[in-house]
Structure formats: structure tokens, C-alpha cells
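Student: Structure file work.cif, mmCIF, N, CA and C atoms, is pasted below:
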```
data_data
#
loop_
_atom_site.label_atom_id
_atom_site.label_comp_id
_atom_site.auth_asym_id
_atom_site.auth_seq_id
_atom_site.Cartn_x
_atom_site.Cartn_y
_atom_site.Cartn_z
N MET P 1 33.38 37.52 32.18
CA MET P 1 34.05 37.45 30.89
C MET P 1 34.62 36.06 30.66
N ARG P 2 35.24 35.52 31.73
CA ARG P 2 35.84 34.20 31.62
C ARG P 2 34.79 33.16 31.24
N TYR P 3 33.60 33.29 31.85
CA TYR P 3 32.54 32.34 31.56
C TYR P 3 32.04 32.50 30.13
N GLY P 4 32.02 33.72 29.65
CA GLY P 4 31.59 33.99 28.27
C GLY P 4 32.52 33.34 27.27
N LEU P 5 33.84 33.45 27.52
CA LEU P 5 34.82 32.82 26.63
C LEU P 5 34.70 31.30 26.68
N ALA P 6 34.47 30.76 27.87
CA ALA P 6 34.31 29.31 28.02
C ALA P 6 33.08 28.83 27.26
N LEU P 7 32.00 29.61 27.33
CA LEU P 7 30.77 29.25 26.63
C LEU P 7 30.98 29.28 25.11
N ILE P 8 31.65 30.32 24.63
CA ILE P 8 31.93 30.42 23.20
C ILE P 8 32.81 29.24 22.76
N GLY P 9 33.81 28.91 23.54
CA GLY P 9 34.68 27.78 23.21
C GLY P 9 33.91 26.48 23.17
N ALA P 10 33.01 26.28 24.12
CA ALA P 10 32.21 25.06 24.15
C ALA P 10 31.29 24.99 22.93
N LEU P 11 30.70 26.11 22.56
CA LEU P 11 29.83 26.15 21.38
C LEU P 11 30.61 25.84 20.11
N LEU P 12 31.82 26.39 20.01
CA LEU P 12 32.66 26.12 18.83
C LEU P 12 33.03 24.64 18.75
N LEU P 13 33.37 24.05 19.87
CA LEU P 13 33.71 22.62 19.88
C LEU P 13 32.51 21.77 19.49
N THR P 14 31.34 22.14 19.98
CA THR P 14 30.12 21.42 19.63
C THR P 14 29.83 21.55 18.15
N ALA P 15 29.97 22.74 17.61
CA ALA P 15 29.73 22.97 16.17
C ALA P 15 30.72 22.18 15.34
N CYS P 16 31.97 22.16 15.74
CA CYS P 16 32.99 21.40 14.99
C CYS P 16 32.70 19.92 15.05
N SER P 17 32.27 19.42 16.21
CA SER P 17 31.96 18.00 16.34
C SER P 17 30.79 17.63 15.45
N ALA P 18 29.76 18.47 15.40
CA ALA P 18 28.61 18.20 14.56
C ALA P 18 29.00 18.25 13.08
N ALA P 19 29.84 19.19 12.72
CA ALA P 19 30.25 19.32 11.33
C ALA P 19 31.13 18.16 10.89
N GLU P 20 31.84 17.55 11.83
CA GLU P 20 32.74 16.47 11.51
C GLU P 20 32.08 15.10 11.60
N LYS P 21 30.76 15.05 11.78
CA LYS P 21 30.06 13.78 11.85
C LYS P 21 30.35 13.00 10.57
N PRO P 22 30.78 11.77 10.70
CA PRO P 22 31.15 11.02 9.51
C PRO P 22 29.94 10.78 8.60
N ARG P 23 30.22 10.85 7.32
CA ARG P 23 29.19 10.60 6.33
C ARG P 23 28.82 9.12 6.37
N PRO P 24 27.54 8.77 6.36
CA PRO P 24 27.17 7.36 6.42
C PRO P 24 27.64 6.61 5.17
N ASP P 25 27.94 5.36 5.35
CA ASP P 25 28.43 4.50 4.27
C ASP P 25 27.26 4.07 3.40
N PHE P 26 27.24 4.53 2.15
CA PHE P 26 26.13 4.21 1.27
C PHE P 26 26.05 2.71 1.01
N ARG P 27 27.18 2.08 0.78
CA ARG P 27 27.15 0.65 0.46
C ARG P 27 26.59 -0.16 1.64
N ALA P 28 26.89 0.23 2.85
CA ALA P 28 26.33 -0.45 4.02
C ALA P 28 24.81 -0.29 4.06
N ALA P 29 24.33 0.90 3.73
CA ALA P 29 22.88 1.14 3.69
C ALA P 29 22.22 0.31 2.59
N LEU P 30 22.85 0.25 1.43
CA LEU P 30 22.33 -0.56 0.33
C LEU P 30 22.28 -2.03 0.73
N ASP P 31 23.36 -2.51 1.33
CA ASP P 31 23.42 -3.91 1.77
C ASP P 31 22.34 -4.21 2.81
N ALA P 32 22.10 -3.28 3.73
CA ALA P 32 21.05 -3.46 4.75
C ALA P 32 19.68 -3.53 4.09
N HIS P 33 19.45 -2.69 3.09
CA HIS P 33 18.18 -2.69 2.37
C HIS P 33 17.96 -4.03 1.67
N LEU P 34 18.98 -4.50 0.96
CA LEU P 34 18.87 -5.76 0.23
C LEU P 34 18.75 -6.95 1.19
N ALA P 35 19.45 -6.90 2.31
CA ALA P 35 19.36 -7.98 3.30
C ALA P 35 17.95 -8.06 3.90
N ALA P 36 17.33 -6.91 4.13
CA ALA P 36 15.96 -6.89 4.66
C ALA P 36 15.00 -7.54 3.67
N ILE P 37 15.19 -7.27 2.39
CA ILE P 37 14.34 -7.89 1.37
C ILE P 37 14.59 -9.39 1.32
N SER P 38 15.84 -9.78 1.29
CA SER P 38 16.18 -11.20 1.24
C SER P 38 15.63 -11.96 2.44
N ALA P 39 15.67 -11.33 3.62
CA ALA P 39 15.16 -11.95 4.85
C ALA P 39 13.64 -11.83 4.96
N LYS P 40 13.03 -11.09 4.06
CA LYS P 40 11.58 -10.84 4.10
C LYS P 40 11.18 -10.26 5.45
N ASP P 41 11.96 -9.26 5.88
CA ASP P 41 11.83 -8.68 7.21
C ASP P 41 11.35 -7.23 7.09
N LEU P 42 10.05 -7.02 7.28
CA LEU P 42 9.47 -5.69 7.14
C LEU P 42 10.04 -4.70 8.17
N ASP P 43 10.28 -5.17 9.40
CA ASP P 43 10.82 -4.28 10.43
C ASP P 43 12.23 -3.82 10.08
N ALA P 44 13.01 -4.64 9.41
CA ALA P 44 14.35 -4.24 8.98
C ALA P 44 14.28 -3.40 7.70
N TYR P 45 13.27 -3.61 6.88
CA TYR P 45 13.10 -2.88 5.63
C TYR P 45 12.69 -1.42 5.87
N LYS P 46 11.77 -1.20 6.78
CA LYS P 46 11.20 0.14 6.98
C LYS P 46 12.25 1.23 7.26
N PRO P 47 13.26 0.99 8.11
CA PRO P 47 14.23 2.06 8.36
C PRO P 47 15.14 2.38 7.17
N THR P 48 15.10 1.56 6.12
CA THR P 48 15.93 1.82 4.95
C THR P 48 15.20 2.68 3.92
N VAL P 49 13.96 3.04 4.23
CA VAL P 49 13.07 3.75 3.30
C VAL P 49 12.78 5.15 3.81
N THR P 50 12.52 6.06 2.90
CA THR P 50 12.23 7.44 3.24
C THR P 50 11.16 7.56 4.33
N SER P 51 11.31 8.57 5.15
CA SER P 51 10.28 8.87 6.14
C SER P 51 9.20 9.77 5.53
N GLY P 52 9.43 10.22 4.31
CA GLY P 52 8.44 11.05 3.61
C GLY P 52 7.29 10.21 3.06
N GLU P 53 6.29 10.89 2.54
CA GLU P 53 5.10 10.23 2.03
C GLU P 53 5.26 9.70 0.61
N ASP P 54 6.15 10.32 -0.18
CA ASP P 54 6.28 9.97 -1.60
C ASP P 54 7.41 8.99 -1.82
N LEU P 55 7.05 7.78 -2.21
CA LEU P 55 8.02 6.77 -2.58
C LEU P 55 7.44 6.03 -3.77
N TYR P 56 8.14 6.11 -4.90
CA TYR P 56 7.69 5.41 -6.10
C TYR P 56 8.37 4.06 -6.19
N LEU P 57 7.55 3.04 -6.39
CA LEU P 57 8.04 1.71 -6.70
C LEU P 57 7.41 1.35 -8.04
N ILE P 58 8.24 1.21 -9.05
CA ILE P 58 7.74 0.90 -10.39
C ILE P 58 8.12 -0.53 -10.72
N PHE P 59 7.11 -1.34 -11.03
CA PHE P 59 7.28 -2.76 -11.30
C PHE P 59 7.75 -3.00 -12.73
N PRO P 60 8.26 -4.21 -13.01
CA PRO P 60 8.73 -4.53 -14.37
C PRO P 60 7.67 -4.36 -15.45
N ASP P 61 6.38 -4.49 -15.11
CA ASP P 61 5.32 -4.35 -16.11
C ASP P 61 4.90 -2.89 -16.31
N GLY P 62 5.50 -1.96 -15.57
CA GLY P 62 5.19 -0.55 -15.70
C GLY P 62 4.17 -0.04 -14.69
N SER P 63 3.50 -0.93 -13.96
CA SER P 63 2.58 -0.47 -12.93
C SER P 63 3.40 0.12 -11.77
N ALA P 64 2.74 0.93 -10.95
CA ALA P 64 3.49 1.65 -9.91
C ALA P 64 2.70 1.78 -8.62
N ILE P 65 3.44 1.94 -7.56
CA ILE P 65 2.92 2.34 -6.26
C ILE P 65 3.56 3.70 -5.98
N GLU P 66 2.78 4.64 -5.44
CA GLU P 66 3.26 6.02 -5.35
C GLU P 66 3.43 6.56 -3.94
N THR P 67 3.09 5.79 -2.92
CA THR P 67 3.24 6.31 -1.56
C THR P 67 4.02 5.32 -0.69
N THR P 68 4.68 5.85 0.30
CA THR P 68 5.45 5.02 1.22
C THR P 68 4.53 4.04 1.94
N GLU P 69 3.38 4.51 2.38
CA GLU P 69 2.41 3.65 3.08
C GLU P 69 2.01 2.46 2.20
N ASP P 70 1.74 2.72 0.91
CA ASP P 70 1.34 1.64 0.01
C ASP P 70 2.52 0.70 -0.31
N VAL P 71 3.73 1.24 -0.35
CA VAL P 71 4.92 0.40 -0.54
C VAL P 71 5.07 -0.54 0.65
N PHE P 72 4.88 -0.04 1.86
CA PHE P 72 4.95 -0.89 3.05
C PHE P 72 3.88 -1.98 3.01
N ALA P 73 2.66 -1.61 2.61
CA ALA P 73 1.58 -2.59 2.53
C ALA P 73 1.91 -3.68 1.50
N PHE P 74 2.46 -3.28 0.36
CA PHE P 74 2.86 -4.25 -0.66
C PHE P 74 3.92 -5.20 -0.09
N HIS P 75 4.95 -4.62 0.54
CA HIS P 75 6.03 -5.45 1.06
C HIS P 75 5.56 -6.38 2.17
N GLN P 76 4.63 -5.93 2.99
CA GLN P 76 4.11 -6.80 4.04
C GLN P 76 3.49 -8.05 3.41
N GLU P 77 2.66 -7.86 2.40
CA GLU P 77 2.03 -8.99 1.73
C GLU P 77 3.06 -9.85 0.98
N TRP P 78 3.98 -9.20 0.29
CA TRP P 78 5.01 -9.91 -0.49
C TRP P 78 5.89 -10.74 0.43
N PHE P 79 6.29 -10.17 1.56
CA PHE P 79 7.18 -10.87 2.48
C PHE P 79 6.49 -12.07 3.13
N GLU P 80 5.16 -12.09 3.19
CA GLU P 80 4.44 -13.21 3.76
C GLU P 80 4.47 -14.45 2.86
N ASP P 81 4.78 -14.28 1.59
CA ASP P 81 4.88 -15.40 0.65
C ASP P 81 6.25 -16.06 0.85
N PRO P 82 6.28 -17.30 1.33
CA PRO P 82 7.56 -17.95 1.61
C PRO P 82 8.26 -18.52 0.37
N ASN P 83 7.62 -18.48 -0.78
CA ASN P 83 8.13 -19.21 -1.94
C ASN P 83 9.08 -18.44 -2.85
N TRP P 84 8.90 -17.13 -2.99
CA TRP P 84 9.69 -16.40 -3.98
C TRP P 84 11.15 -16.29 -3.56
N ARG P 85 11.97 -16.13 -4.58
CA ARG P 85 13.41 -15.93 -4.38
C ARG P 85 13.85 -14.80 -5.31
N MET P 86 14.69 -13.92 -4.80
CA MET P 86 15.24 -12.83 -5.59
C MET P 86 16.75 -12.84 -5.39
N GLU P 87 17.48 -12.89 -6.49
CA GLU P 87 18.94 -12.96 -6.43
C GLU P 87 19.52 -11.72 -7.11
N PRO P 88 19.80 -10.67 -6.31
CA PRO P 88 20.33 -9.43 -6.89
C PRO P 88 21.85 -9.44 -7.01
N GLU P 89 22.33 -8.74 -8.02
CA GLU P 89 23.77 -8.54 -8.19
C GLU P 89 23.99 -7.04 -8.43
N VAL P 90 24.78 -6.42 -7.58
CA VAL P 90 25.06 -5.00 -7.73
C VAL P 90 26.01 -4.84 -8.92
N MET P 91 25.57 -4.07 -9.91
CA MET P 91 26.35 -3.84 -11.12
C MET P 91 27.15 -2.54 -11.05
N LYS P 92 26.54 -1.52 -10.43
CA LYS P 92 27.19 -0.21 -10.38
C LYS P 92 26.62 0.58 -9.21
N VAL P 93 27.48 1.33 -8.55
CA VAL P 93 27.08 2.22 -7.46
C VAL P 93 27.53 3.62 -7.84
N MET P 94 26.63 4.59 -7.71
CA MET P 94 26.93 5.99 -8.02
C MET P 94 26.62 6.80 -6.77
N GLU P 95 27.66 7.39 -6.18
CA GLU P 95 27.46 8.13 -4.93
C GLU P 95 27.57 9.62 -5.17
N GLY P 96 26.60 10.35 -4.62
CA GLY P 96 26.61 11.80 -4.68
C GLY P 96 26.66 12.38 -3.29
N GLU P 97 26.58 13.68 -3.22
CA GLU P 97 26.65 14.37 -1.94
C GLU P 97 25.46 14.01 -1.04
N ASP P 98 24.24 14.14 -1.58
CA ASP P 98 23.06 13.82 -0.77
C ASP P 98 22.11 12.85 -1.46
N MET P 99 22.48 12.39 -2.66
CA MET P 99 21.70 11.38 -3.38
C MET P 99 22.68 10.35 -3.93
N SER P 100 22.31 9.10 -3.85
CA SER P 100 23.14 8.03 -4.39
C SER P 100 22.22 7.00 -5.02
N ALA P 101 22.78 6.22 -5.93
CA ALA P 101 21.98 5.22 -6.64
C ALA P 101 22.78 3.95 -6.84
N ALA P 102 22.05 2.87 -7.00
CA ALA P 102 22.66 1.59 -7.31
C ALA P 102 21.90 0.96 -8.47
N LEU P 103 22.65 0.39 -9.40
CA LEU P 103 22.08 -0.38 -10.50
C LEU P 103 22.33 -1.84 -10.19
N LEU P 104 21.26 -2.61 -10.18
CA LEU P 104 21.36 -4.04 -9.91
C LEU P 104 20.72 -4.81 -11.05
N LYS P 105 21.13 -6.03 -11.20
CA LYS P 105 20.48 -6.97 -12.10
C LYS P 105 20.03 -8.12 -11.20
N TYR P 106 18.79 -8.57 -11.38
CA TYR P 106 18.35 -9.65 -10.51
C TYR P 106 17.57 -10.70 -11.29
N ASP P 107 17.60 -11.91 -10.72
CA ASP P 107 16.75 -13.00 -11.17
C ASP P 107 15.70 -13.19 -10.10
N TYR P 108 14.46 -13.35 -10.53
CA TYR P 108 13.34 -13.52 -9.61
C TYR P 108 12.66 -14.84 -9.94
N ARG P 109 12.37 -15.61 -8.91
CA ARG P 109 11.65 -16.88 -9.06
C ARG P 109 10.43 -16.86 -8.16
N ASP P 110 9.29 -17.32 -8.68
CA ASP P 110 8.08 -17.41 -7.87
C ASP P 110 8.19 -18.54 -6.84
N THR P 111 8.97 -19.57 -7.17
CA THR P 111 9.25 -20.68 -6.27
C THR P 111 10.75 -20.95 -6.34
N PRO P 112 11.31 -21.62 -5.33
CA PRO P 112 12.75 -21.88 -5.36
C PRO P 112 13.22 -22.60 -6.63
N GLU P 113 12.39 -23.47 -7.18
CA GLU P 113 12.76 -24.20 -8.39
C GLU P 113 12.21 -23.55 -9.66
N GLY P 114 11.49 -22.45 -9.52
CA GLY P 114 10.83 -21.82 -10.66
C GLY P 114 11.79 -21.25 -11.69
N GLU P 115 11.27 -21.00 -12.85
CA GLU P 115 12.04 -20.41 -13.95
C GLU P 115 12.34 -18.95 -13.60
N PRO P 116 13.60 -18.55 -13.70
CA PRO P 116 13.93 -17.16 -13.33
C PRO P 116 13.47 -16.15 -14.38
N ARG P 117 13.05 -15.00 -13.89
CA ARG P 117 12.77 -13.83 -14.74
C ARG P 117 13.80 -12.78 -14.33
N SER P 118 14.45 -12.18 -15.31
CA SER P 118 15.50 -11.21 -15.02
C SER P 118 14.99 -9.79 -15.19
N ALA P 119 15.58 -8.88 -14.42
CA ALA P 119 15.21 -7.47 -14.50
C ALA P 119 16.37 -6.61 -14.03
N TRP P 120 16.36 -5.36 -14.49
CA TRP P 120 17.25 -4.33 -13.98
C TRP P 120 16.51 -3.66 -12.83
N LEU P 121 17.27 -3.20 -11.87
CA LEU P 121 16.71 -2.51 -10.72
C LEU P 121 17.56 -1.29 -10.43
N VAL P 122 16.94 -0.12 -10.40
CA VAL P 122 17.63 1.10 -10.00
C VAL P 122 17.02 1.54 -8.68
N LEU P 123 17.88 1.65 -7.67
CA LEU P 123 17.47 2.11 -6.36
C LEU P 123 18.12 3.46 -6.10
N ILE P 124 17.30 4.46 -5.81
CA ILE P 124 17.81 5.80 -5.54
C ILE P 124 17.58 6.11 -4.07
N PHE P 125 18.65 6.52 -3.40
CA PHE P 125 18.61 6.83 -1.99
C PHE P 125 18.94 8.31 -1.79
N LYS P 126 18.33 8.89 -0.76
CA LYS P 126 18.60 10.28 -0.41
C LYS P 126 19.06 10.31 1.05
N LEU P 127 19.96 11.22 1.34
CA LEU P 127 20.43 11.39 2.71
C LEU P 127 19.34 12.11 3.50
N GLU P 128 18.77 11.45 4.50
CA GLU P 128 17.72 12.01 5.36
C GLU P 128 18.14 11.85 6.81
N ASP P 129 18.24 12.93 7.52
CA ASP P 129 18.58 12.88 8.95
C ASP P 129 19.83 12.03 9.21
N GLY P 130 20.81 12.19 8.33
CA GLY P 130 22.08 11.49 8.51
C GLY P 130 22.08 10.03 8.12
N GLU P 131 21.02 9.56 7.44
CA GLU P 131 20.93 8.17 7.01
C GLU P 131 20.51 8.11 5.55
N TRP P 132 21.05 7.12 4.82
CA TRP P 132 20.62 6.90 3.45
C TRP P 132 19.27 6.21 3.47
N ARG P 133 18.28 6.78 2.74
CA ARG P 133 16.92 6.23 2.70
C ARG P 133 16.45 6.12 1.25
N LEU P 134 15.82 5.01 0.93
CA LEU P 134 15.30 4.78 -0.42
C LEU P 134 14.19 5.77 -0.74
N VAL P 135 14.28 6.41 -1.92
CA VAL P 135 13.24 7.34 -2.36
C VAL P 135 12.64 6.95 -3.72
N HIS P 136 13.28 5.98 -4.42
CA HIS P 136 12.75 5.55 -5.72
C HIS P 136 13.26 4.14 -6.01
N ASP P 137 12.36 3.28 -6.51
CA ASP P 137 12.66 1.88 -6.81
C ASP P 137 12.10 1.59 -8.20
N GLN P 138 12.98 1.40 -9.17
CA GLN P 138 12.57 1.25 -10.58
C GLN P 138 13.03 -0.10 -11.12
N ASN P 139 12.08 -0.92 -11.52
CA ASN P 139 12.36 -2.24 -12.09
C ASN P 139 12.06 -2.22 -13.59
N THR P 140 12.93 -2.85 -14.37
CA THR P 140 12.71 -2.94 -15.82
C THR P 140 13.00 -4.38 -16.24
N ARG P 141 11.99 -5.04 -16.77
CA ARG P 141 12.14 -6.44 -17.16
C ARG P 141 13.16 -6.57 -18.29
N ILE P 142 13.95 -7.62 -18.22
CA ILE P 142 14.88 -7.98 -19.29
C ILE P 142 14.23 -9.11 -20.07
N ALA P 143 14.01 -8.89 -21.34
CA ALA P 143 13.36 -9.91 -22.17
C ALA P 143 14.22 -11.16 -22.22
N PRO P 144 13.58 -12.34 -22.12
CA PRO P 144 14.38 -13.57 -22.20
C PRO P 144 14.99 -13.70 -23.59
N PRO P 145 16.13 -14.37 -23.70
CA PRO P 145 16.75 -14.52 -25.01
C PRO P 145 15.88 -15.32 -25.96
N GLU P 146 15.96 -14.95 -27.22
CA GLU P 146 15.22 -15.68 -28.24
C GLU P 146 15.78 -17.09 -28.36
N PRO P 147 14.91 -18.09 -28.52
CA PRO P 147 15.43 -19.45 -28.71
C PRO P 147 16.21 -19.55 -30.01
N GLU P 148 17.23 -20.40 -30.00
CA GLU P 148 18.06 -20.60 -31.20
C GLU P 148 17.19 -21.05 -32.36
N GLY P 149 17.41 -20.51 -33.53
CA GLY P 149 16.68 -20.89 -34.73
C GLY P 149 15.32 -20.26 -34.85
N ALA P 150 14.98 -19.34 -33.97
CA ALA P 150 13.64 -18.72 -34.03
C ALA P 150 13.60 -17.59 -35.03
#
```
Output the structure of this file as C-alpha cells.
Tutor:
Amino acid sequence: MRYGLALIGALLLTACSAAEKPRPDFRAALDAHLAAISAKDLDAYKPTVTSGEDLYLIFPDGSAIETTEDVFAFHQEWFEDPNWRMEPEVMKVMEGEDMSAALLKYDYRDTPEGEPRSAWLVLIFKLEDGEWRLVHDQNTRIAPPEPEGA
């Protein structure tokens, strides 16, 4: 009987410890994702992305990639280009229980001295196995301002 009570107590403590696991910091996950892109580091990028097969990446022109495998292939090629620069600014963070999103505005240059193109970026993350993972990446081009007197 004594052993039975000890076993029940140990199970309860284990259950309480698992239930009290701290919720991962969404902003830290977002920052890690953006840092991997800035560093052009595919090995650092991959753990920030869903382990599932479906990952939509929608480009500013409306074209899309629909699978995680194809998103990785795109990023591998993109990261090999040493010239582009992307300067994101986090505008808003929305945190939910198991889904969170960030709205960013970014300037993109094909070369360090190139003319910037601006876009909105919505990144949606889902809690997977105790980690925030990207499940949707939506880019929307911001039209350049009209020249004065046009």
C-alpha cells in the first residue's frame, strides 16, 4: 500500500510538472526566425518552421509556394545570393493560446545600394511540440508613392 501511495504521489508530481511547463516566448521565436533570415542561415531557419507538410509562402506578386519542402528549397537558393538585403520592422504582435501572428513592414533591396521595395509581411506561427513554428508567410507589396506633380 505504501508503495502504491508513493507511486501515485510521484505520478501527480510528474503531471503537475508537465502542466506547469512554461509557455514559450513568442517574441523570442519571432526574433530567431527573423535572425535566421537576416543571417541567410538555412540550418537556423528550419527549426522555426512547421514540421508539417503544408506551409504557404505568398510573395508580393501573388505567386505562392505551398509546401514546407518547397519553401526550404526556395530559401536555400535565396540565401545563397549574397547581395539582397531585407530590413524588417515589427509593427504589431498578436499572441493567442496556440496561434500567434506578427505584422511587419520591410524594405527589400536586390543589392546593398539598390532601390528599396516596401512590403507588408504577416507571419503566422502555431504552437507545435512546445515551440512556436511558422505556418503561413504572407507578403503584400506596398506601392511606391506617386511622384509630386504626377
Student: Can you list, as JSON, numbers by chain, every protein, DNA or RNA residue that comes within 9 Å of stretch 46-57 of chain P when you count only C-alpha atoms, leaving out same-chain residues fewer than 2 positions away?
Tutor: {"P": [29, 30, 32, 33, 36, 41, 42, 43, 44, 59, 63, 64, 65, 66, 67, 68, 69, 70, 71, 72, 125, 126, 128, 131, 132, 133, 134, 135, 136, 137, 138, 139]}
Student: Pick out the residues sitting within 5 Å of stretch 82-84 of chain P, and hand them over as a compact mmCIF listing (two decimals) with N, CA and C atoms, in the frame of the given file; count all atoms listed in the file, and ignore anything fewer than 4 positions along from it in its own chain.
Tutor:
```txt
# COMPACT_ATOMS: atom_id res chain seq x y z
N ARG P 109 12.37 -15.61 -8.91
CA ARG P 109 11.65 -16.88 -9.06
C ARG P 109 10.43 -16.86 -8.16
N ASP P 110 9.29 -17.32 -8.68
CA ASP P 110 8.08 -17.41 -7.87
C ASP P 110 8.19 -18.54 -6.84
N THR P 111 8.97 -19.57 -7.17
CA THR P 111 9.25 -20.68 -6.27
C THR P 111 10.75 -20.95 -6.34
N PRO P 112 11.31 -21.62 -5.33
CA PRO P 112 12.75 -21.88 -5.36
C PRO P 112 13.22 -22.60 -6.63
```
Student: What gap, in Å, lies between atom C of P:Ala35 and atom CA of P:Leu104?
Tutor: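 If I compute the distance from atom C of P:Ala35 to atom CA of P:Leu104, I get 14.8 Å.
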Student: Rounded to one decimal place, report the atom CA of P:Arg141-atom C of P:Tyr108 distance in Å.
Tutor: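 Spanning atom CA of P:Arg141 to atom C of P:Tyr108 is a straight-line distance of 11.1 Å.
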Student: I need the residue nearest P:Arg117 from this list: P:Glu87, P:Glu146, P:Glu97, P:Asp129. Use only C-alpha atoms for the distance.
Tutor: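 Residue with the minimum atom-to-atom distance to P:Arg117: P:Glu87.
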Student: Enter the distance from atom N of P:Glu95 to atom CA of P:Phe26, in Å, rounded to one decimal.
Tutor: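 Value for the atom N of P:Glu95-atom CA of P:Phe26 distance: 8.2 Å.
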Student: List the neighbours of P:Thr140 out to 12 Å using only C-alpha atoms; skip same-chain residues closer than 6 positions along the sequence, and give me the result as a PyMOL selection string.
Tutor: chain P and resi 57-64+103-107+117-123
Student: Which of stretch 12-129 of chain P counts as strand (DSSP E or B) under DSSP, as a ChimeraX atom specification please?
Tutor: /P:49,54-58,64-67,85-95,99-109,117-128
Student: Nearest to P:Glu89 among P:Ala28, P:Ala101, P:Leu34, P:Ile142, with distances taken over only C-alpha atoms: which residue is it?
Tutor: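 Selected residue with least distance to P:Glu89: P:Leu34.
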Student: Could you check the closest approach to P:Glu113 for each of P:Arg85, P:His75, P:Lys40, P:Arg23 and tell me which residue wins, using only N, CA and C atoms?
Tutor: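 The closest residue to P:Glu113 is P:Arg85.
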Student: Could you check which of P:Pro144, P:Ile37, P:Pro22, P:Ile124 is closest to P:Phe79, using all atoms listed in the file?
Tutor: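 Looking at the shortest contact to P:Phe79, the residue is P:Ile37.
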Student: Please identify which residues in stretch 66-143 of chain P DSSP calls alpha helix (DSSP H) from the backbone, and express them as a ChimeraX atom specification.
Tutor: /P:68-80
Student: For P:Asp98, which residue among P:Ala73, P:Asp25, P:Leu127, P:Pro116 is the nearest when counting all atoms listed in the file?
Tutor: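 Among P:Ala73, P:Asp25, P:Leu127, P:Pro116, it is P:Leu127 that comes nearest to P:Asp98.
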Student: Would you please work out which residue, of P:Arg27, P:Ala39, P:Gly130, P:Glu148, is nearest to P:Asp81 when using only C-alpha atoms?
Tutor: P:Ala39
Student: Could you give me the centre and size, in Å to one decimal, of an axis-aligned box around all listed atoms of stretch 135-149 of chain P with 5 Å added on every side, as lines of an AutoDock Vina configuration file?
Tutor:
```
center_x = 15.0
center_y = -6.9
center_z = -18.4
size_x = 16.1
size_y = 38.4
size_z = 42.9
```
Student: Complete stretch 59-64 of chain P at the level of all heavy atoms, written as a short mmCIF file (atom, residue, chain, number, x, y, z; two decimals), keeping the file's coordinate frame.
Tutor:
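Written file, part_17.cif:
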```cif
data_model
loop_
_atom_site.label_atom_id
_atom_site.label_comp_id
_atom_site.auth_asym_id
_atom_site.auth_seq_id
_atom_site.Cartn_x
_atom_site.Cartn_y
_atom_site.Cartn_z
N PHE P 59 7.11 -1.34 -11.03
CA PHE P 59 7.28 -2.76 -11.30
C PHE P 59 7.75 -3.00 -12.73
O PHE P 59 7.62 -2.12 -13.59
CB PHE P 59 5.97 -3.50 -11.04
CG PHE P 59 5.54 -3.46 -9.60
CD1 PHE P 59 4.59 -2.55 -9.16
CD2 PHE P 59 6.09 -4.35 -8.69
CE1 PHE P 59 4.20 -2.52 -7.83
CE2 PHE P 59 5.71 -4.32 -7.35
CZ PHE P 59 4.76 -3.41 -6.93
N PRO P 60 8.26 -4.21 -13.01
CA PRO P 60 8.73 -4.53 -14.37
C PRO P 60 7.67 -4.36 -15.45
O PRO P 60 8.00 -4.08 -16.60
CB PRO P 60 9.19 -5.98 -14.26
CG PRO P 60 9.58 -6.14 -12.84
CD PRO P 60 8.59 -5.29 -12.08
N ASP P 61 6.38 -4.49 -15.11
CA ASP P 61 5.32 -4.35 -16.11
C ASP P 61 4.90 -2.89 -16.31
O ASP P 61 4.00 -2.60 -17.09
CB ASP P 61 4.12 -5.21 -15.75
CG ASP P 61 3.38 -4.74 -14.51
OD1 ASP P 61 3.80 -3.73 -13.88
OD2 ASP P 61 2.37 -5.38 -14.15
N GLY P 62 5.50 -1.96 -15.57
CA GLY P 62 5.19 -0.55 -15.70
C GLY P 62 4.17 -0.04 -14.69
O GLY P 62 3.99 1.17 -14.55
N SER P 63 3.50 -0.93 -13.96
CA SER P 63 2.58 -0.47 -12.93
C SER P 63 3.40 0.12 -11.77
O SER P 63 4.59 -0.15 -11.65
CB SER P 63 1.68 -1.60 -12.45
OG SER P 63 2.45 -2.63 -11.87
N ALA P 64 2.74 0.93 -10.95
CA ALA P 64 3.49 1.65 -9.91
C ALA P 64 2.70 1.78 -8.62
O ALA P 64 1.47 1.75 -8.62
CB ALA P 64 3.87 3.04 -10.42
#
```
